[in-house]
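A.B. asks: Right, I'll just put the structure down here and ask away after.
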Amino acid sequence: MALRDRLNEQRGDPFGITSAAVALVDAHGVIRYWSAGAESLLGHPTADVLGESATSLLVSADSPASALAGARPVGDGWEALVTVRHRAGHPVELAVRACPLRAEQGSGWLAVACDVASSHRWDLDQAVVRGLLEDSPIGIAVLDGELRFQWVNRVLAAMEGLPYHNGADGPSAYLGPAPVPPAVDWQARQVLMWGQVTPALEHVTPPAGLARRNAQDHLRLRSSFPLRDLDGRTLGVCHTAVEFTAQDRARERLTLVNEAAQRIGTTLDLDRTVRELAEVLVPQVADFVAIDLFQGVLAARNLSPGPVTQGALLRAVHLSIRKEVPEAIIPMGDPSRYPPESPQRRCLTTGRSIRDPVLDTTTWWLAGDTERLTRLVRLGVHTHLVVPLRARGVTMGVVTLLRWDNPNPFDEDDLLLVEELVARAAVCVDNARRFVREHNAALALQTSLLPPDLPDHCAVEVAYRYLPTDAEAGVGGDWFDVIPLSGARVALVVGDVVGHGIHAAASMGRLRAAVQTLADLDLPPEELLAHLDDLVLRLADEAEAAADSPLVIGATCVYAVYDPISRKLSVARAGHPTPAVAHLSEPVELPDIPAGPPLGLGGLPFESAEIELEEGSVVALYTDGLIEASDRDVDVGFERLCFALAHPDRPLEEICDTMVRILLPDHPRDDVAFLIARTRALTPDRVASWVVPAEPRAVHEVREKAACQLAEWGLEDAAFTTELIVSELVTNAITYAGGPIGLRLIHERALICEVSDTSNTSPHLRRARSTDEGGRGLFLVAQVAQRWGTRYTATGKTIWAEQTLPGAGPR
């Protein structure tokens with residue numbers, strides 16, 4: 001039975017009164033108390049033994065004197081092995097402990113017994129615990145839940161330089177307060193947090209002043225585990241440490257490989273990775289190391305294997321035991337000018353390591369390199385090792401190691417060790433290179449999917465910023481857009497796809513295209529988001545059906561439509577932060593826009609809200625990365641946003657710079673996109689509207705009114721085309737829809753003609769046959785107008801047609 005099982009069964013000491021057999025014997029040897037444990041152990045019921053002599057339980061051959069002949073004193077009592085008779089008749093050997101009772105307690109003896117096997121197991125367990133804590137070479141400490149030392153044995157106290165006391169509390173019981181060493185504290189915290197911790201191998205630096213090659217490096221293996229009671233409650237942490245001297249080279253190499261696994265490749269930064277390799281090699285393996293990489297590797301451009309001679313070889317990092325690095329001939333970042341016959345060039349050509357155990361003035365490959373020969377001879381470099389940096393079939397560079405302070409030349413064991421370390425680092429370098437390339441590809445894809453430039457619109461003046469995150473977090477799926485709509489209106493959009501990487505960027509492109517298509521239908525903001533939500537659900541279903549396709553989780557979006565005629569902004573949002581509005585004469589407002597669910601949940605409605613704005617107000621739409629910086633609360637982000645928008649009369653580019661400066665850290669952890677728009681208004685003299693009677697004669701009247709209005713605007717050149725459009729659209733409304741009918745002309749950079757009626761049926765463009773009497777009107781409108789379309793309203797529909805005016809730029 002395992003120790004834990006025995007403890008769970010006995011709840012501790014087998015002589016404990018909660019588990020052992022307990023009897024009370026008076027001064028005359030008569031049994032006065034018999035516990036349930038005694039009844040279970042010997043089978044005698046309580047009623048049968050109470051009042052009986054204790055000697056009646058001994059086997060017939062034993063007298064009380066002979067039964068207790070081997071007793072030994074224990075404290076105030078005694079302990080002995082006694083053979084008694086079981087109720088079934090067979091003898092049972094017991095370990096008995098007894099202590100006398102005082103006269104005021106009735107005199108007699110209190111006896112506690114258990115079977116001999118349990119007593120022997122308990123003694124053995126106690127001997128193991130005492131030996132482990134007091135006599136073994138393992139350092140052991142006990143910390144409570146507050147990570148304070150409660151007990152430290154002599155070995156660990158000596159390791160850590162802690163005080164300890166040899167006294168009544170134990171051979172090595174820690175008594176005085178002392179700070180917990182960082183290594184012990186770190187492991188103990190990990191145990192309390194996660195319940196377990198991986199053993200760590202620690203390299204202990206030799207004392208200062210001792211020559212490195214003559215010192216014995218110490219290794220310390222640390223481990224910690226939780227201390228729990230029998231009910232599973234954590235009482236504290238036990239920390240153990242074993243120290244040994246790394247005398248054999250195999251153990252040193254294993255330690256160095258373990259250290260390299262922990263130190264190399266801690267990030268996906270290529271420069272840092274090669275620096276970590278150099279720090280592992282110097283001074284443990286070499287006195288100097290230089291790492292040269294191909295230019296294509298440093299630029300993270302070319303992934304496919306190719307001739308190693310392509311591209312310049314550049315110095316990525318070098319490190320020496322001397323601070324001034326006198327061995328370095330090539331400055332950092334400069335091309336590595338190695339002669340064709342040098343070991344570096346031969347190593348890159350063959351892909352094999354090269355070891356020169358002896359370097360002197362007769363070394364053949366140094367004959368044509370006077371500068372390098374002079375430098376090496378002056379420093380006393382006696383051995384040279386070159387290893388290719390190669391991973392996944394691609395040679396990315398070369399590593400050069402030198403020795404002069406270490407008197408031992410590189411041998412085969414050193415070569416195998418360095419090749420192992422360089423191979424590990426090469427994988428990390430290749431991972432960093434691939435990650436940078438993927439990040440750049442995702443960034444290029446995302447940038448190409450965003451609008452290259454925002455259109456200049458009569459309704460708003462706009463500015464924007466898109467700030468991709470750092471390489472470690474990966475490119476996100478933020479996007480923004482400004483979409484011209486009919487009736488001189490404009491749509492402002494900002495969205496954010498969940499996730500990072502190239503798939504998020506691709507999903508962003510699909511959603512942006514969908515928003516542009518839906519915006520062309522002139523849907524209200526809440527309806528547009530509902531259709532976009534359906535699209536995200538379909539994309540998720542497609543991705544789930546394809547095992548190798550990344551799942552589209554969802555997105556957030558805010559969609560706003562601004563009308564410069566009514567100066568009203570209609571906004572709906574899907575799980576996105578509310579826009580901010582900077583009024584000219586009031587504080588910055590965060591309007592209460594109904595918060596719809598994120599796109600991709602399905603089944604939940606979206607709502608919109610309408611805000612009336614004065615001309616010159618600034619509206620800011622943004623992604624959550626702008627306000628949710630990791631070092632502050634989101635409320636602080638909103639406060640800073642309001643501060644940045646507090647002066648809407650400033651140039652928009654200046655406002656954008658202010659937002660970036662006060663809202664974003666130097667290295668944001670998420671992509672950030674924001675769009676700010678200053679509203680404009682069309683004055684009443686640029687809009688003309690009429691109510692048209694549903695009578696055929698009204699067509700002539702409104703045509704004349706339109707011509708007069710164009711003359712007032714100075715647009716006589718557009719009169720003929722406008723009269724044709726008005727005539728055909730009004731005629732269609734009178735014929736197929738009925739009243740009331742409205743006509744509106746809008747003069748902005750283009751001339752817009754709108755005819756409204758109460759019908760929900762949209763006309764269709766068709767090509768009439770030569771024998772048809774009708775059907776040519778809408779075809780003619782489409783020929784003379786730049787754009788035309790249908791916009792549905794709550795009371796019917798509006799057919800609109802837009803003409804380009806002479807001298808007007810593109811919308």
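Going by the structure tokens order, chains are called A, B, ..., each with residues numbered from 1, while ligands are numbered from 1 in the order shown.
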Quick one: pick out all helix (DSSP H, G or I) residues within region 522-666 of chain A from a backbone DSSP run and write them as an MDAnalysis selection string.
C.D. replies: chainID A and resid 525:545 624:626 634:644 652:663
A.B. asks: Would you kindly return, as number ranges by chain, each protein, DNA or RNA residue with an atom no farther than 8 Å from any atom of Ala580 (chain A), considering only C-alpha atoms and excluding same-chain residues fewer than 5 positions away?
C.D. replies: A: 588-591, 619-621, 642
A.B. asks: Export, as a CSV table (one decimal), in the first residue's frame, the selected residues with all heavy atoms.
C.D. replies:
chain,number,residue,atom,x,y,z
A,588,VAL,N,-17.7,67.6,-26.4
A,588,VAL,CA,-17.6,66.4,-27.2
A,588,VAL,C,-18.6,65.4,-26.7
A,588,VAL,O,-18.7,65.2,-25.5
A,588,VAL,CB,-16.2,65.8,-27.3
A,588,VAL,CG1,-16.2,64.5,-28.1
A,588,VAL,CG2,-15.2,66.8,-27.8
A,589,GLU,N,-19.4,64.8,-27.6
A,589,GLU,CA,-20.5,63.9,-27.2
A,589,GLU,C,-20.2,62.5,-27.7
A,589,GLU,O,-19.7,62.2,-28.8
A,589,GLU,CB,-21.8,64.4,-27.9
A,589,GLU,CG,-23.0,63.5,-27.6
A,589,GLU,CD,-24.2,63.9,-28.4
A,589,GLU,OE1,-24.1,64.8,-29.3
A,589,GLU,OE2,-25.3,63.3,-28.2
A,590,LEU,N,-20.5,61.5,-26.8
A,590,LEU,CA,-20.5,60.1,-27.2
A,590,LEU,C,-21.9,59.6,-27.2
A,590,LEU,O,-22.5,59.2,-26.2
A,590,LEU,CB,-19.7,59.3,-26.2
A,590,LEU,CG,-18.2,59.6,-26.1
A,590,LEU,CD1,-17.6,58.8,-24.9
A,590,LEU,CD2,-17.5,59.2,-27.4
A,591,PRO,N,-22.6,59.8,-28.4
A,591,PRO,CA,-24.1,59.6,-28.4
A,591,PRO,C,-24.4,58.2,-28.1
A,591,PRO,O,-23.7,57.2,-28.3
A,591,PRO,CB,-24.4,60.0,-29.9
A,591,PRO,CG,-23.1,59.8,-30.7
A,591,PRO,CD,-22.0,60.2,-29.7
A,619,VAL,N,-17.1,64.3,-36.8
A,619,VAL,CA,-17.5,62.9,-36.3
A,619,VAL,C,-16.3,62.0,-36.5
A,619,VAL,O,-15.6,62.0,-37.5
A,619,VAL,CB,-18.7,62.4,-37.2
A,619,VAL,CG1,-19.1,61.0,-36.8
A,619,VAL,CG2,-19.8,63.4,-37.2
A,620,ALA,N,-16.1,61.2,-35.4
A,620,ALA,CA,-14.9,60.3,-35.3
A,620,ALA,C,-15.4,58.9,-35.2
A,620,ALA,O,-16.2,58.6,-34.3
A,620,ALA,CB,-14.0,60.6,-34.2
A,621,LEU,N,-15.1,58.0,-36.2
A,621,LEU,CA,-15.3,56.6,-36.1
A,621,LEU,C,-14.0,55.9,-36.0
A,621,LEU,O,-13.0,56.3,-36.6
A,621,LEU,CB,-16.1,56.1,-37.4
A,621,LEU,CG,-17.5,56.4,-37.5
A,621,LEU,CD1,-17.8,57.9,-37.8
A,621,LEU,CD2,-18.2,55.7,-38.7
A,642,CYS,N,-12.1,62.3,-26.2
A,642,CYS,CA,-12.8,63.6,-26.1
A,642,CYS,C,-11.9,64.8,-26.0
A,642,CYS,O,-12.1,65.8,-26.7
A,642,CYS,CB,-13.7,63.6,-24.9
A,642,CYS,SG,-15.1,62.3,-25.0
A.B. asks: Identify, on the basis of only C-alpha atoms, every residue whose closest approach to Thr370 (chain A) does not exceed 12 Å; exclude the query and any residue fewer than 6 positions from it along the same chain; express the result as a ChimeraX atom specification.
C.D. replies: /A:329,339,361,363-364,376-377
A.B. asks: Write a file of the just-selected residues containing C-alpha atoms, as a PDB file, in the first residue's frame.
C.D. replies:
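Saved file selection23.pdb follows:
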ATOM      1  CA  ILE A 329      37.424  43.282 -38.663  1.00  0.00           C
ATOM      2  CA  PRO A 339      38.269  35.751 -49.470  1.00  0.00           C
ATOM      3  CA  THR A 361      51.437  32.382 -39.977  1.00  0.00           C
ATOM      4  CA  THR A 363      47.919  28.711 -42.434  1.00  0.00           C
ATOM      5  CA  TRP A 364      47.353  28.619 -46.183  1.00  0.00           C
ATOM      6  CA  LEU A 376      44.635  36.962 -35.385  1.00  0.00           C
ATOM      7  CA  VAL A 377      48.349  36.605 -34.712  1.00  0.00           C
TER       8      VAL A 377
END
A.B. asks: Can you pull out the residues contacting region 221-229 of chain A? Cut-off 12 Å, using only C-alpha atoms, and skip same-chain residues under 5 positions away; I want them as a ChimeraX atom specification.
C.D. replies: /A:4,7-8,11-12,138-145,147,156,159,183-204,234-245,255
